[in-house]
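Colleague: Structure supplied as entry26.cif; contents: mmCIF, C-alpha atoms.
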```
data_run
#
loop_
_atom_site.label_atom_id
_atom_site.label_comp_id
_atom_site.auth_asym_id
_atom_site.auth_seq_id
_atom_site.Cartn_x
_atom_site.Cartn_y
_atom_site.Cartn_z
CA MET T 537 -6.46 4.43 50.81
CA ALA T 538 -4.74 2.35 48.15
CA THR T 539 -4.88 3.73 44.65
CA LEU T 540 -4.80 2.01 41.30
CA PRO T 541 -3.41 3.30 38.02
CA PHE T 542 -6.23 3.98 35.59
CA GLU T 543 -6.25 4.84 31.91
CA LEU T 544 -9.24 5.81 29.82
CA VAL T 545 -8.35 5.55 26.14
CA SER T 546 -10.35 6.43 23.06
CA PRO T 547 -9.08 5.78 19.53
CA GLU T 548 -8.26 9.45 19.13
CA ARG T 549 -6.50 10.19 22.37
CA LEU T 550 -5.69 9.26 25.93
CA VAL T 551 -8.62 10.79 27.78
CA PHE T 552 -7.57 10.21 31.36
CA SER T 553 -4.53 8.77 33.02
CA GLY T 554 -3.64 8.76 36.68
CA ALA T 555 -3.91 7.09 40.07
CA VAL T 556 -7.45 6.80 41.39
CA THR T 557 -9.18 5.23 44.37
CA GLU T 558 -12.07 3.63 42.59
CA VAL T 559 -13.63 3.47 39.18
CA ILE T 560 -17.23 2.50 38.52
CA VAL T 561 -17.53 1.06 35.03
CA PRO T 562 -20.80 0.52 33.16
CA GLY T 563 -20.33 -3.14 32.22
CA ALA T 564 -22.49 -4.94 29.70
CA GLU T 565 -23.86 -7.13 32.45
CA GLY T 566 -24.17 -4.45 35.08
CA GLU T 567 -22.04 -1.77 36.61
CA PHE T 568 -18.97 -2.84 38.47
CA GLY T 569 -16.55 -1.03 40.70
CA VAL T 570 -12.81 -1.56 40.49
CA LEU T 571 -10.56 -0.96 43.49
CA ALA T 572 -6.86 -1.55 43.88
CA GLY T 573 -5.97 -5.25 43.85
CA HIS T 574 -8.86 -6.36 41.64
CA ALA T 575 -8.53 -9.78 40.02
CA PRO T 576 -7.58 -9.83 36.30
CA PHE T 577 -10.77 -9.21 34.40
CA ILE T 578 -12.01 -8.27 30.95
CA GLY T 579 -15.53 -6.96 30.54
CA MET T 580 -17.51 -5.33 27.78
CA LEU T 581 -18.94 -1.84 28.18
CA LYS T 582 -22.44 -0.62 27.62
CA PRO T 583 -23.10 3.02 26.77
CA GLY T 584 -23.16 4.79 30.09
CA ILE T 585 -21.45 6.92 32.67
CA LEU T 586 -18.08 5.94 34.05
CA THR T 587 -17.33 7.43 37.45
CA ILE T 588 -13.83 7.99 38.76
CA LYS T 589 -13.24 8.54 42.46
CA THR T 590 -10.03 10.12 43.61
CA GLY T 591 -10.06 10.74 47.34
CA GLY T 592 -13.39 12.50 47.81
CA GLU T 593 -13.45 13.87 44.29
CA LEU T 594 -15.72 12.53 41.56
CA ARG T 595 -15.29 12.76 37.82
CA ARG T 596 -17.77 11.44 35.33
CA PHE T 597 -17.17 10.38 31.75
CA PHE T 598 -19.56 9.23 29.08
CA VAL T 599 -18.31 6.05 27.43
CA ARG T 600 -19.69 4.04 24.55
CA GLY T 601 -18.56 0.78 22.98
CA GLY T 602 -15.42 -1.03 23.99
CA PHE T 603 -14.14 -2.93 26.98
CA ALA T 604 -12.40 -2.66 30.32
CA GLU T 605 -9.32 -4.62 31.21
CA VAL T 606 -8.07 -5.10 34.76
CA ASN T 607 -4.62 -6.56 35.19
CA PRO T 608 -2.06 -6.35 37.97
CA ALA T 609 -0.74 -3.14 36.37
CA GLY T 610 -4.08 -1.40 36.77
CA LEU T 611 -7.31 -0.71 34.93
CA THR T 612 -7.55 0.27 31.28
CA VAL T 613 -10.83 1.22 29.66
CA LEU T 614 -10.82 1.24 25.88
CA ALA T 615 -13.90 3.03 24.62
CA GLU T 616 -14.87 3.93 21.10
CA GLU T 617 -16.17 7.18 22.46
CA ALA T 618 -15.12 8.72 25.76
CA LYS T 619 -15.60 12.26 26.94
CA PRO T 620 -16.16 14.15 30.16
CA VAL T 621 -19.83 14.50 30.98
CA GLU T 622 -19.45 18.29 30.94
CA GLU T 623 -18.52 18.12 27.25
CA LEU T 624 -21.37 15.82 26.38
CA ASP T 625 -24.14 17.72 24.74
CA LEU T 626 -27.68 16.55 24.74
CA ALA T 627 -28.23 17.18 21.03
CA THR T 628 -25.55 14.66 19.98
CA LEU T 629 -26.93 12.16 22.43
CA ARG T 630 -30.42 12.69 21.02
CA GLN T 631 -29.01 12.05 17.58
CA GLN T 632 -27.49 8.79 18.78
CA ILE T 633 -30.78 7.79 20.35
CA GLN T 634 -32.50 8.56 17.07
CA ASP T 635 -29.95 6.38 15.23
CA ALA T 636 -30.48 3.58 17.71
CA ARG T 637 -34.26 3.82 17.15
CA GLU T 638 -33.74 3.50 13.42
CA ASP T 639 -31.45 0.52 13.95
CA LEU T 640 -34.17 -1.07 16.01
CA SER T 641 -36.83 -0.62 13.35
CA ASP T 642 -34.42 -1.80 10.62
CA ALA T 643 -33.43 -4.90 12.54
CA THR T 644 -33.81 -8.05 10.47
CA SER T 645 -33.19 -10.76 13.03
CA ASP T 646 -34.08 -11.23 16.66
CA GLU T 647 -30.49 -11.06 17.73
CA ILE T 648 -29.88 -7.69 16.09
CA ARG T 649 -33.20 -6.40 17.40
CA GLN T 650 -32.29 -7.35 20.93
CA ARG T 651 -28.93 -5.71 20.69
CA ALA T 652 -30.41 -2.52 19.23
CA ALA T 653 -33.08 -2.41 21.94
CA ARG T 654 -30.45 -2.73 24.64
CA GLN T 655 -28.34 -0.02 23.05
CA LEU T 656 -31.36 2.27 22.88
CA ALA T 657 -32.32 1.67 26.50
CA ASP T 658 -28.77 2.39 27.67
CA LEU T 659 -28.56 5.62 25.72
CA GLU T 660 -31.93 6.77 26.97
CA GLN T 661 -30.82 6.12 30.50
CA VAL T 662 -27.78 8.33 30.02
CA ALA T 663 -29.87 11.12 28.51
CA ASP T 664 -32.25 10.82 31.42
CA ALA T 665 -29.45 11.03 33.95
CA LEU T 666 -27.99 14.01 32.16
CA GLU T 667 -31.25 15.90 32.22
CA ARG T 668 -32.05 15.27 35.82
CA GLY T 669 -28.58 15.58 37.20
CA PHE T 670 -26.80 12.71 38.83
CA ALA T 671 -27.82 10.82 41.88
CA PRO T 672 -25.48 11.68 44.74
CA VAL T 673 -22.82 9.05 45.25
CA THR T 674 -21.75 8.25 48.77
CA LYS T 675 -18.26 9.48 49.42
CA HIS T 676 -15.59 7.28 50.92
CA MET C 621 19.93 34.04 -27.54
CA ALA C 622 17.26 35.11 -25.10
CA SER C 623 16.85 38.82 -24.66
CA LEU C 624 17.36 40.50 -21.32
CA LYS C 625 13.64 40.90 -20.84
CA ASP C 626 13.06 37.18 -21.38
CA LEU C 627 15.68 36.34 -18.80
CA ARG C 628 14.21 38.77 -16.30
CA ASN C 629 10.79 37.24 -16.77
CA ARG C 630 12.15 33.77 -16.35
CA ILE C 631 13.90 34.63 -13.10
CA ALA C 632 10.77 36.31 -11.77
CA SER C 633 8.65 33.25 -12.52
CA VAL C 634 11.09 30.86 -10.85
CA LYS C 635 11.18 33.15 -7.83
CA ALA C 636 7.39 33.07 -7.64
CA THR C 637 7.44 29.26 -7.79
CA GLN C 638 10.06 29.14 -5.10
CA LYS C 639 7.88 31.27 -2.84
CA ILE C 640 5.00 28.86 -3.33
CA THR C 641 7.02 25.72 -2.66
CA LYS C 642 8.59 27.37 0.38
CA ALA C 643 5.16 28.22 1.75
CA MET C 644 3.91 24.70 1.05
CA GLN C 645 6.88 23.27 2.86
CA MET C 646 6.16 25.34 5.92
CA VAL C 647 2.48 24.48 5.90
CA ALA C 648 3.35 20.78 5.54
CA ALA C 649 5.77 21.05 8.47
CA ALA C 650 3.10 22.55 10.69
CA LYS C 651 0.51 19.99 9.65
CA LEU C 652 3.02 17.19 10.02
CA ARG C 653 3.44 18.01 13.68
CA ARG C 654 -0.27 17.75 14.25
CA ALA C 655 -0.61 14.57 12.22
CA GLN C 656 2.27 13.03 14.09
CA MET C 657 0.68 13.86 17.41
CA ALA C 658 -2.61 12.35 16.28
CA ALA C 659 -0.85 9.18 15.15
CA GLU C 660 0.95 8.92 18.47
CA ALA C 661 -2.22 9.54 20.45
CA ALA C 662 -3.93 6.69 18.63
CA ARG C 663 -1.16 4.23 19.33
CA PRO C 664 -2.03 3.18 22.92
CA TYR C 665 -5.55 2.22 21.91
CA ALA C 666 -4.43 0.11 18.97
CA GLU C 667 -1.70 -1.56 21.01
CA ARG C 668 -4.00 -2.42 23.91
CA MET C 669 -6.58 -3.74 21.51
CA GLU C 670 -4.01 -5.97 19.89
CA THR C 671 -2.81 -7.39 23.20
CA VAL C 672 -6.27 -8.19 24.45
CA LEU C 673 -7.35 -9.69 21.15
CA GLY C 674 -4.14 -11.70 21.02
CA ASN C 675 -4.95 -13.08 24.48
CA LEU C 676 -8.48 -13.94 23.49
CA ALA C 677 -7.68 -15.32 20.08
CA GLY C 678 -4.91 -17.56 21.36
CA GLY C 679 -7.48 -19.76 23.08
CA LEU C 680 -9.61 -20.08 19.99
CA VAL C 681 -7.11 -21.04 17.31
CA GLY C 682 -8.19 -24.24 15.63
CA ASN C 683 -11.67 -23.96 17.05
CA ALA C 684 -14.19 -24.71 14.30
CA GLN C 685 -16.61 -22.17 15.70
CA ALA C 686 -14.14 -19.31 15.67
CA PRO C 687 -15.66 -16.21 14.07
CA VAL C 688 -15.12 -15.50 10.38
CA LEU C 689 -12.96 -12.47 11.09
CA LEU C 690 -10.49 -14.65 12.95
CA ALA C 691 -10.56 -17.92 11.08
CA GLY C 692 -11.38 -16.62 7.61
CA THR C 693 -14.00 -17.98 5.28
CA GLY C 694 -12.01 -21.13 4.69
CA LYS C 695 -11.11 -20.00 1.19
CA THR C 696 -8.46 -17.70 -0.22
CA GLN C 697 -9.91 -17.29 -3.68
CA THR C 698 -10.97 -13.65 -3.67
CA HIS C 699 -8.69 -10.99 -2.28
CA LEU C 700 -9.70 -7.47 -1.38
CA LEU C 701 -6.94 -4.89 -1.47
CA LEU C 702 -7.74 -1.87 0.65
CA VAL C 703 -5.38 0.77 -0.71
CA CYS C 704 -5.07 3.94 1.37
CA THR C 705 -3.35 6.84 -0.32
CA GLY C 706 -3.41 10.61 -0.12
CA GLU C 707 -5.94 12.98 -1.62
CA ARG C 708 -3.39 15.35 -3.07
CA GLY C 709 -0.22 15.24 -5.08
CA LEU C 710 2.95 17.32 -4.77
CA CYS C 711 4.33 14.92 -2.23
CA GLY C 712 7.14 13.10 -3.97
CA ALA C 713 6.78 9.37 -4.38
CA PHE C 714 4.32 9.00 -1.50
CA ASN C 715 1.27 7.91 -3.49
CA SER C 716 3.19 6.03 -6.15
CA SER C 717 5.11 3.90 -3.67
CA ILE C 718 1.91 2.71 -2.00
CA VAL C 719 0.34 2.03 -5.37
CA ARG C 720 3.43 0.16 -6.51
CA LEU C 721 3.30 -2.13 -3.49
CA ALA C 722 -0.40 -2.79 -4.07
CA ARG C 723 0.20 -3.40 -7.77
CA GLU C 724 2.97 -5.91 -7.10
CA LYS C 725 0.70 -7.79 -4.70
CA ALA C 726 -2.15 -7.72 -7.21
CA GLN C 727 0.08 -9.04 -10.01
CA LEU C 728 1.29 -11.84 -7.77
CA LEU C 729 -2.26 -12.83 -6.84
CA ILE C 730 -3.51 -12.66 -10.42
CA ALA C 731 -0.61 -14.83 -11.52
CA GLU C 732 -1.71 -17.37 -8.93
CA GLY C 733 -5.16 -17.36 -10.47
CA LYS C 734 -6.89 -15.51 -7.62
CA ASP C 735 -9.59 -12.91 -8.00
CA VAL C 736 -8.54 -9.46 -6.95
CA LYS C 737 -10.82 -6.62 -5.95
CA ILE C 738 -9.63 -3.18 -4.98
CA LEU C 739 -11.16 -0.66 -2.64
CA CYS C 740 -9.41 2.69 -2.79
CA VAL C 741 -9.30 5.23 -0.01
CA GLY C 742 -7.95 8.47 -1.40
CA ARG C 743 -8.29 9.95 -4.83
CA LYS C 744 -4.66 9.79 -5.92
CA GLY C 745 -4.30 6.05 -5.55
CA ALA C 746 -7.58 5.48 -7.33
CA GLU C 747 -6.43 7.57 -10.29
CA GLN C 748 -3.27 5.54 -10.70
CA LEU C 749 -4.88 2.16 -10.16
CA ARG C 750 -7.74 2.93 -12.50
CA ARG C 751 -5.27 3.03 -15.36
CA ILE C 752 -3.96 -0.46 -14.62
CA TYR C 753 -7.01 -2.27 -13.26
CA PRO C 754 -10.08 -0.40 -14.52
CA ASP C 755 -12.43 -3.32 -13.80
CA ARG C 756 -11.14 -4.38 -10.43
CA ILE C 757 -11.85 -1.24 -8.43
CA ILE C 758 -15.13 -1.73 -6.65
CA GLU C 759 -15.30 1.53 -4.77
CA VAL C 760 -13.40 4.72 -4.09
CA VAL C 761 -13.73 6.43 -0.74
CA ASP C 762 -13.06 10.14 -1.01
CA LEU C 763 -11.79 11.85 2.11
CA ARG C 764 -11.07 15.20 0.47
CA SER C 765 -13.80 16.98 2.35
CA VAL C 766 -12.60 15.62 5.69
CA ARG C 767 -10.40 18.07 7.51
CA ASN C 768 -9.33 16.03 10.51
CA ILE C 769 -9.53 12.31 10.14
CA GLY C 770 -11.56 10.98 13.04
CA PHE C 771 -12.52 7.52 14.14
CA LYS C 772 -15.85 7.97 12.41
CA GLU C 773 -14.33 7.92 8.91
CA ALA C 774 -12.38 4.77 9.70
CA ASN C 775 -15.51 3.21 11.12
CA ASP C 776 -17.47 3.96 7.96
CA ILE C 777 -14.81 2.28 5.82
CA ALA C 778 -14.71 -0.68 8.18
CA THR C 779 -18.48 -1.04 7.90
CA LYS C 780 -18.18 -1.12 4.12
CA VAL C 781 -15.50 -3.81 4.28
CA LEU C 782 -17.47 -5.89 6.76
CA ASN C 783 -20.64 -5.68 4.70
CA LEU C 784 -18.69 -6.91 1.69
CA LEU C 785 -17.31 -9.76 3.75
CA TYR C 786 -20.71 -10.82 5.06
CA ALA C 787 -22.07 -10.62 1.52
CA GLY C 788 -19.38 -13.10 0.52
CA SER C 789 -17.59 -10.73 -1.86
CA PHE C 790 -14.11 -11.60 -0.69
CA ASP C 791 -12.14 -13.98 1.52
CA VAL C 792 -8.94 -12.18 2.43
CA CYS C 793 -8.44 -8.48 3.00
CA THR C 794 -5.09 -6.71 2.93
CA LEU C 795 -4.57 -3.12 3.98
CA PHE C 796 -2.01 -0.94 2.19
CA TYR C 797 -0.70 2.25 3.73
CA SER C 798 2.48 4.12 4.39
CA ASN C 799 4.06 3.64 7.78
CA PHE C 800 5.50 6.82 9.24
CA LYS C 801 9.04 6.12 10.41
CA SER C 802 10.43 9.64 10.29
CA VAL C 803 10.15 12.80 8.24
CA ILE C 804 12.48 11.37 5.61
CA ALA C 805 11.45 7.71 5.81
CA GLN C 806 7.94 6.50 5.05
CA VAL C 807 7.64 2.80 4.47
CA PRO C 808 4.79 1.48 2.34
CA THR C 809 3.30 -1.40 4.28
CA ALA C 810 0.84 -4.21 3.63
CA THR C 811 -1.05 -5.76 6.54
CA GLN C 812 -3.54 -8.55 6.33
CA ILE C 813 -6.56 -7.59 8.42
CA ILE C 814 -9.06 -10.32 7.51
CA PRO C 815 -8.59 -13.02 8.71
CA ALA C 816 -6.90 -11.32 11.64
CA THR C 817 -3.27 -12.05 12.34
CA PHE C 818 -1.57 -11.58 15.65
CA PRO C 819 2.10 -11.63 16.47
CA GLU C 820 3.21 -14.96 17.87
CA ARG C 821 3.89 -14.89 21.57
CA ASP C 822 5.76 -17.20 23.85
CA GLU C 823 3.80 -19.15 26.38
CA ALA C 824 6.14 -17.84 29.06
CA GLU C 825 5.14 -14.22 28.62
CA ALA C 826 1.42 -14.92 28.52
CA GLY C 827 -0.40 -12.50 30.81
CA PRO C 828 -2.46 -13.32 33.86
CA VAL C 829 -5.53 -15.50 33.56
CA TYR C 830 -8.50 -13.24 33.03
CA GLU C 831 -12.09 -13.56 34.04
CA TYR C 832 -14.46 -12.63 31.25
CA GLU C 833 -17.82 -10.99 31.33
CA PRO C 834 -19.73 -11.92 29.21
CA VAL C 835 -18.11 -15.09 27.86
CA GLU C 836 -15.00 -14.97 25.71
CA GLU C 837 -16.73 -15.75 22.44
CA GLU C 838 -19.13 -12.88 22.86
CA ILE C 839 -16.40 -10.38 23.65
CA LEU C 840 -14.43 -11.61 20.68
CA ALA C 841 -17.43 -11.29 18.40
CA ASP C 842 -17.76 -7.67 19.45
CA LEU C 843 -14.09 -6.78 19.42
CA LEU C 844 -13.06 -8.26 16.08
CA PRO C 845 -15.16 -5.87 13.95
CA ARG C 846 -14.00 -2.99 16.14
CA ASN C 847 -10.43 -4.06 15.56
CA ILE C 848 -10.88 -3.69 11.81
CA ALA C 849 -11.95 -0.08 12.34
CA VAL C 850 -9.04 0.53 14.68
CA GLN C 851 -6.56 -0.87 12.18
CA ILE C 852 -7.96 1.26 9.38
CA PHE C 853 -7.94 4.27 11.65
CA ARG C 854 -4.32 3.70 12.48
CA ALA C 855 -3.46 3.26 8.79
CA LEU C 856 -5.21 6.53 7.93
CA LEU C 857 -3.35 8.44 10.62
CA GLU C 858 0.01 6.95 9.70
CA ASN C 859 -0.76 7.82 6.11
CA GLN C 860 -1.60 11.37 7.03
CA ALA C 861 1.68 11.83 8.87
CA SER C 862 3.61 10.13 6.07
CA PHE C 863 1.93 12.33 3.51
CA TYR C 864 2.97 15.55 5.18
CA GLY C 865 6.45 14.19 5.78
CA ALA C 866 6.78 13.31 2.11
CA GLN C 867 5.32 16.61 1.04
CA MET C 868 7.66 18.50 3.30
CA SER C 869 10.78 16.89 1.90
CA ALA C 870 9.49 17.12 -1.67
CA MET C 871 8.81 20.82 -1.26
CA ASP C 872 12.14 21.34 0.44
CA ASN C 873 13.82 19.80 -2.61
CA ALA C 874 11.75 21.91 -4.94
CA THR C 875 12.69 25.07 -3.07
CA ARG C 876 16.35 24.16 -3.25
CA ASN C 877 16.15 23.37 -6.96
CA ALA C 878 14.43 26.67 -7.61
CA GLY C 879 17.22 28.43 -5.74
CA GLU C 880 19.82 26.77 -7.94
CA MET C 881 17.89 27.66 -11.04
CA ILE C 882 17.67 31.31 -9.97
CA LYS C 883 21.42 31.39 -9.40
CA LYS C 884 22.12 29.98 -12.86
CA GLN C 885 19.66 32.28 -14.56
CA THR C 886 21.02 35.34 -12.75
CA LEU C 887 24.51 34.44 -13.94
CA THR C 888 23.34 34.19 -17.56
CA TYR C 889 21.40 37.43 -17.15
CA ASN C 890 24.43 39.31 -15.85
CA ARG C 891 26.68 37.89 -18.57
CA THR C 892 24.24 38.88 -21.28
CA ARG C 893 23.88 42.34 -19.79
CA GLN C 894 27.64 42.85 -19.71
CA ALA C 895 28.04 41.50 -23.23
CA MET C 896 25.52 44.05 -24.40
CA ILE C 897 27.23 46.92 -22.61
CA THR C 898 30.55 45.87 -24.12
CA LYS C 899 28.98 45.64 -27.55
CA GLU C 900 27.51 49.13 -27.23
CA LEU C 901 30.83 50.53 -26.06
CA ILE C 902 32.63 48.99 -29.03
CA GLU C 903 30.04 50.51 -31.33
CA ILE C 904 30.45 53.98 -29.81
CA ILE C 905 34.25 53.83 -29.86
CA SER C 906 34.50 52.50 -33.38
CA GLY C 907 31.94 55.14 -34.42
CA ALA C 908 34.07 57.87 -32.81
CA GLU C 909 37.24 56.55 -34.46
CA ALA C 910 35.65 56.60 -37.87
CA LEU C 911 35.12 60.35 -37.61
#
```
Could you take the file, read its structure, and then write that structure out as C-alpha cells?
Modeller:
Amino acid sequence: MATLPFELVSPERLVFSGAVTEVIVPGAEGEFGVLAGHAPFIGMLKPGILTIKTGGELRRFFVRGGFAEVNPAGLTVLAEEAKPVEELDLATLRQQIQDAREDLSDATSDEIRQRAARQLADLEQVADALERGFAPVTKH
Amino acid sequence: MASLKDLRNRIASVKATQKITKAMQMVAAAKLRRAQMAAEAARPYAERMETVLGNLAGGLVGNAQAPVLLAGTGKTQTHLLLVCTGERGLCGAFNSSIVRLAREKAQLLIAEGKDVKILCVGRKGAEQLRRIYPDRIIEVVDLRSVRNIGFKEANDIATKVLNLLYAGSFDVCTLFYSNFKSVIAQVPTATQIIPATFPERDEAEAGPVYEYEPVEEEILADLLPRNIAVQIFRALLENQASFYGAQMSAMDNATRNAGEMIKKQTLTYNRTRQAMITKELIEIISGAEAL
C-alpha cells in the first residue's frame, strides 16, 4: 500500500516523522483521514486523538491546538501540544478540563462562550476515551 | 614593594578566580549544547507556521476586514518594544548589545514624536533600560525561576502582549533578541511582530492551491495569535543559546587573562624572592668580612 510522509511537530520538538499508510486527524469540523495522494488541504485541529496507521500498526497521539497541512510532499501536523497517548496523564488532562470550565464561566461574549464550550467538550471526550480505552479500529 | 606573602596571596586568589571561570566556561559549554538543540528543534515548527501564514496572508493583503494582527490598527503612534535579554550577567556584551539596539530604536522613535512603551523579558535588560527610560517600562517578565524555557512561558508573554493590543495600548510591536549564529557570533536582532510581516515571495513559487476547513479567515484568526507565541518562543530559545555562547567565550577570555596574570605575578614573586636571598647573602658576607 502506498505510504505518505508524515510529520507531527510541536513547538518544542519534532514528535514523529516517517512514512505512514494513513493518518486520522481530529479536525475542527470533524475527523478526517489522510492517505497518500490527498489533495492540498489546510485544516484546523480540535483537541483530540490523532491516529497513525503504518501497515497494521497503530500509534495514537494526543494533539491540541494547531493545524494540519497536506501538500504534495506529504502531511504535516503542527500542534501546540503533541504527545503519545501513553505519556498523557489523566491528571494534566483534568487540569486542562478544569481550566476550560473556568474559561467557560468567565466568557464575556457568546462567541468566546461557544468556543470555550467546544474546547471543553473535546477535552472531556479525550478523557473519556482515555479512561475507557480506545474503540478498536478496523485494520487495513 | 609588596612582600612575598602579599604576592603569594595575590597569586592564590587569581588562581581561585581562574578555577571559577574555567568551571563556568565548561558549564556554559554543556548548557549551550542543550540550548542549541532546543533552538534547532523549534525551527521546523516556526518555519512551517511562517509558510502557511504567508500563503494565507497573501490573499488578504489590502482587505479591509483583515485581522488587526495582520493589518495593524491603522496607526503607528504607539510602539511597544519587547526586549528579551538574559537573566544573568557574566556573559560579555550579550545583554548590553541587545539593550543598545533597543535603545537606538527607542531614540529614533522618540525623535519622530512617537510614544514608546517597553516590555522587558529578563532581569538584566530591565536593569539597564530602567536607568534610561524609567517611565516607559510597563512590565518586566522574570524568567529566573524557569529552568527550561518551554512553549508555556512564551505563550504567557504572548497573551500579555495580545491583551495590551486589544486594550489599545499600542499599535506596533517589535521584538528584540539575539540571534544565535555561532558560538562566537550572536547578532542582536529586531523583528516586527505586530502587524505581522512576511517575506515577499514570487508568484512563480507559490505553493499548490489549498482547500481550507474551516474558511481561510477563521484559520487566520486562530493562527495569527499563535504565531506571536511561536515567534516569542523562538526568540527566547535563540536568546538562550546566544547567552550561553556569549558566556562561554567571555569565560574563556577570563580564564586566559587569569592565566596571564598568574604568569606575571609568579615572575615578580620569583624575582622578589631571589632579590631577598641575594640581599641576605650580601649581609652575611659583609658581616663575616667585618670580623
Colleague: Enumerate, in order of chain and increasing residue number, the residues of chain T with an atom no farther than 12 Å from chain C, each with its shortest atom pair and distance in Å to one decimal, counting all atoms listed in the file, as a tab-separated table.
Modeller:
```
residue	atom	partner	partner_atom	distance
T:Glu543	CA	C:Pro664	CA	10.1
T:Leu544	CA	C:Tyr665	CA	9.4
T:Val545	CA	C:Tyr665	CA	6.1
T:Ser546	CA	C:Tyr665	CA	6.5
T:Pro547	CA	C:Ala662	CA	5.3
T:Glu548	CA	C:Ala662	CA	5.2
T:Arg549	CA	C:Ala661	CA	4.7
T:Leu550	CA	C:Ala661	CA	6.5
T:Val551	CA	C:Ala661	CA	9.8
T:Ser553	CA	C:Pro664	CA	11.8
T:Gly563	CA	C:Glu833	CA	8.3
T:Ala564	CA	C:Pro834	CA	7.5
T:Glu565	CA	C:Pro834	CA	7.1
T:Gly566	CA	C:Glu833	CA	9.9
T:Glu567	CA	C:Glu833	CA	11.4
T:Phe568	CA	C:Glu833	CA	10.9
T:His574	CA	C:Glu831	CA	11.0
T:Ala575	CA	C:Tyr830	CA	7.8
T:Pro576	CA	C:Tyr830	CA	4.8
T:Phe577	CA	C:Glu831	CA	4.6
T:Ile578	CA	C:Tyr832	CA	5.0
T:Gly579	CA	C:Glu833	CA	4.7
T:Met580	CA	C:Ile839	CA	6.6
T:Leu581	CA	C:Glu833	CA	9.7
T:Lys582	CA	C:Pro834	CA	11.7
T:Gly601	CA	C:Arg846	CA	9.0
T:Gly602	CA	C:Leu843	CA	7.5
T:Phe603	CA	C:Ile839	CA	8.5
T:Ala604	CA	C:Glu833	CA	10.0
T:Glu605	CA	C:Val672	CA	8.2
T:Val606	CA	C:Tyr830	CA	8.3
T:Asn607	CA	C:Pro828	CA	7.2
T:Pro608	CA	C:Pro828	CA	8.1
T:Ala609	CA	C:Pro828	CA	10.6
T:Leu611	CA	C:Arg668	CA	11.6
T:Thr612	CA	C:Arg668	CA	8.6
T:Val613	CA	C:Tyr665	CA	9.4
T:Leu614	CA	C:Tyr665	CA	6.7
T:Ala615	CA	C:Tyr665	CA	8.8
T:Glu616	CA	C:Phe771	CA	8.2
T:Glu617	CA	C:Phe771	CA	9.1
T:Ala618	CA	C:Phe771	CA	12.0
T:Arg651	CA	C:Asp842	CA	11.4
```
Colleague: Just the residues within 9 Å of C:Val803, please, counting only C-alpha atoms, with nothing from its chain fewer than 2 positions along; format it as a list of chain:residue names.
Modeller: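 These residues fall inside the cut-off: C:Leu652, C:Phe800, C:Lys801, C:Ala805, C:Gln806, C:Ala861, C:Ser862, C:Tyr864, C:Gly865, C:Ala866, C:Met868, C:Ser869.
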Colleague: Which one of C:Ile882, C:Ile804, C:Ile904, C:Ile777 sits closest to C:Phe714 if you count all atoms listed in the file?
Modeller: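 Checking each candidate against C:Phe714, we get C:Ile804 as the closest.
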Colleague: Near T:Gly584, within 10 Å and counting only C-alpha atoms, which residues show up once chain neighbours fewer than 5 positions away are dropped, as a ChimeraX atom specification?
Modeller: /T:561-564,567,597-601,618,655,658-663,665
Colleague: Could you jot down the atom CA of C:Asn775 to atom CA of T:Ile648 separation for me, Å, one decimal place?
Modeller: 18.7 Å
Colleague: Could you tell me how far atom CA of C:Gln645 sits from atom CA of C:Gly879, in Å to one decimal place?
Modeller: 14.4 Å
Colleague: Once the PyMOL selection byres ((chain C and resi 647) around 12) has been evaluated on this model, what residues remain selected, and can you format them as a ChimeraX atom specification?
Modeller: /C:640-646,648-654,864-865,867-869,871-872
Colleague: Go ahead and compute the interatomic distance for atom CA of T:Val570 and atom CA of C:Gln851, in Å to one decimal.
Modeller: 29.0 Å
Colleague: Return as a CSV table (one decimal) with C-alpha atoms, in the coordinates of the input the set of residues that the PyMOL selection byres ((chain T and resi 559) around 6) yields on the displayed structure.
Modeller:
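Saved result, result09.csv, follows:
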```
chain,number,residue,atom,x,y,z
T,558,GLU,CA,-12.1,3.6,42.6
T,560,ILE,CA,-17.2,2.5,38.5
T,569,GLY,CA,-16.6,-1.0,40.7
T,570,VAL,CA,-12.8,-1.6,40.5
T,587,THR,CA,-17.3,7.4,37.4
T,588,ILE,CA,-13.8,8.0,38.8
```
Colleague: Kindly indicate which residue among T:Asp639, T:Gly610, T:Gly554, T:Leu571 lies nearest to T:Ala538, using only C-alpha atoms for the distances.
Modeller: T:Leu571
Colleague: Using only C-alpha atoms, which protein or nucleic acid residues come within 7 Å of C:Gly692? Drop anything in the same chain fewer than 5 positions from it, and give the result as a list in words.
Modeller: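 Here the answer would be Asp791, Ile814 and Pro815 of chain C.
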Colleague: Expanded to explicit residues, what is the PyMOL selection byres ((chain C and resi 753) around 12) for this file, as number ranges by chain?
Modeller: C: 719, 722-723, 726-727, 730, 736-740, 745-752, 754-758
Colleague: List the spatial neighbours of T:Val556 as a VMD selection string - criterion: any atom at most 6 Å away, all atoms listed in the file, same-chain residues fewer than 3 positions off excluded.
Modeller: chain T and resid 539 to 540 590
Colleague: Find the spatial neighbours of C:Phe818, counting all atoms listed in the file, within a cut-off of 12 Å - ignore same-chain residues fewer than 6 positions away - and output them as a PyMOL selection string.
Modeller: chain C and resi 667+669-678+681+690-691+811-812+844+847
Colleague: Show me the residues close to (-35.1, -0.6, 18.2) - anything with an atom within 6 Å, counting all atoms listed in the file - and format the list as an MDAnalysis selection string.
Modeller: chainID T and resid 637 639:641 652:653
Colleague: Hey, which of C:Ile902, C:Ile631, C:Cys711, C:Ile852 ends up closest to C:Ala870? Count only C-alpha atoms.
Modeller: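 Closest candidate: C:Cys711.
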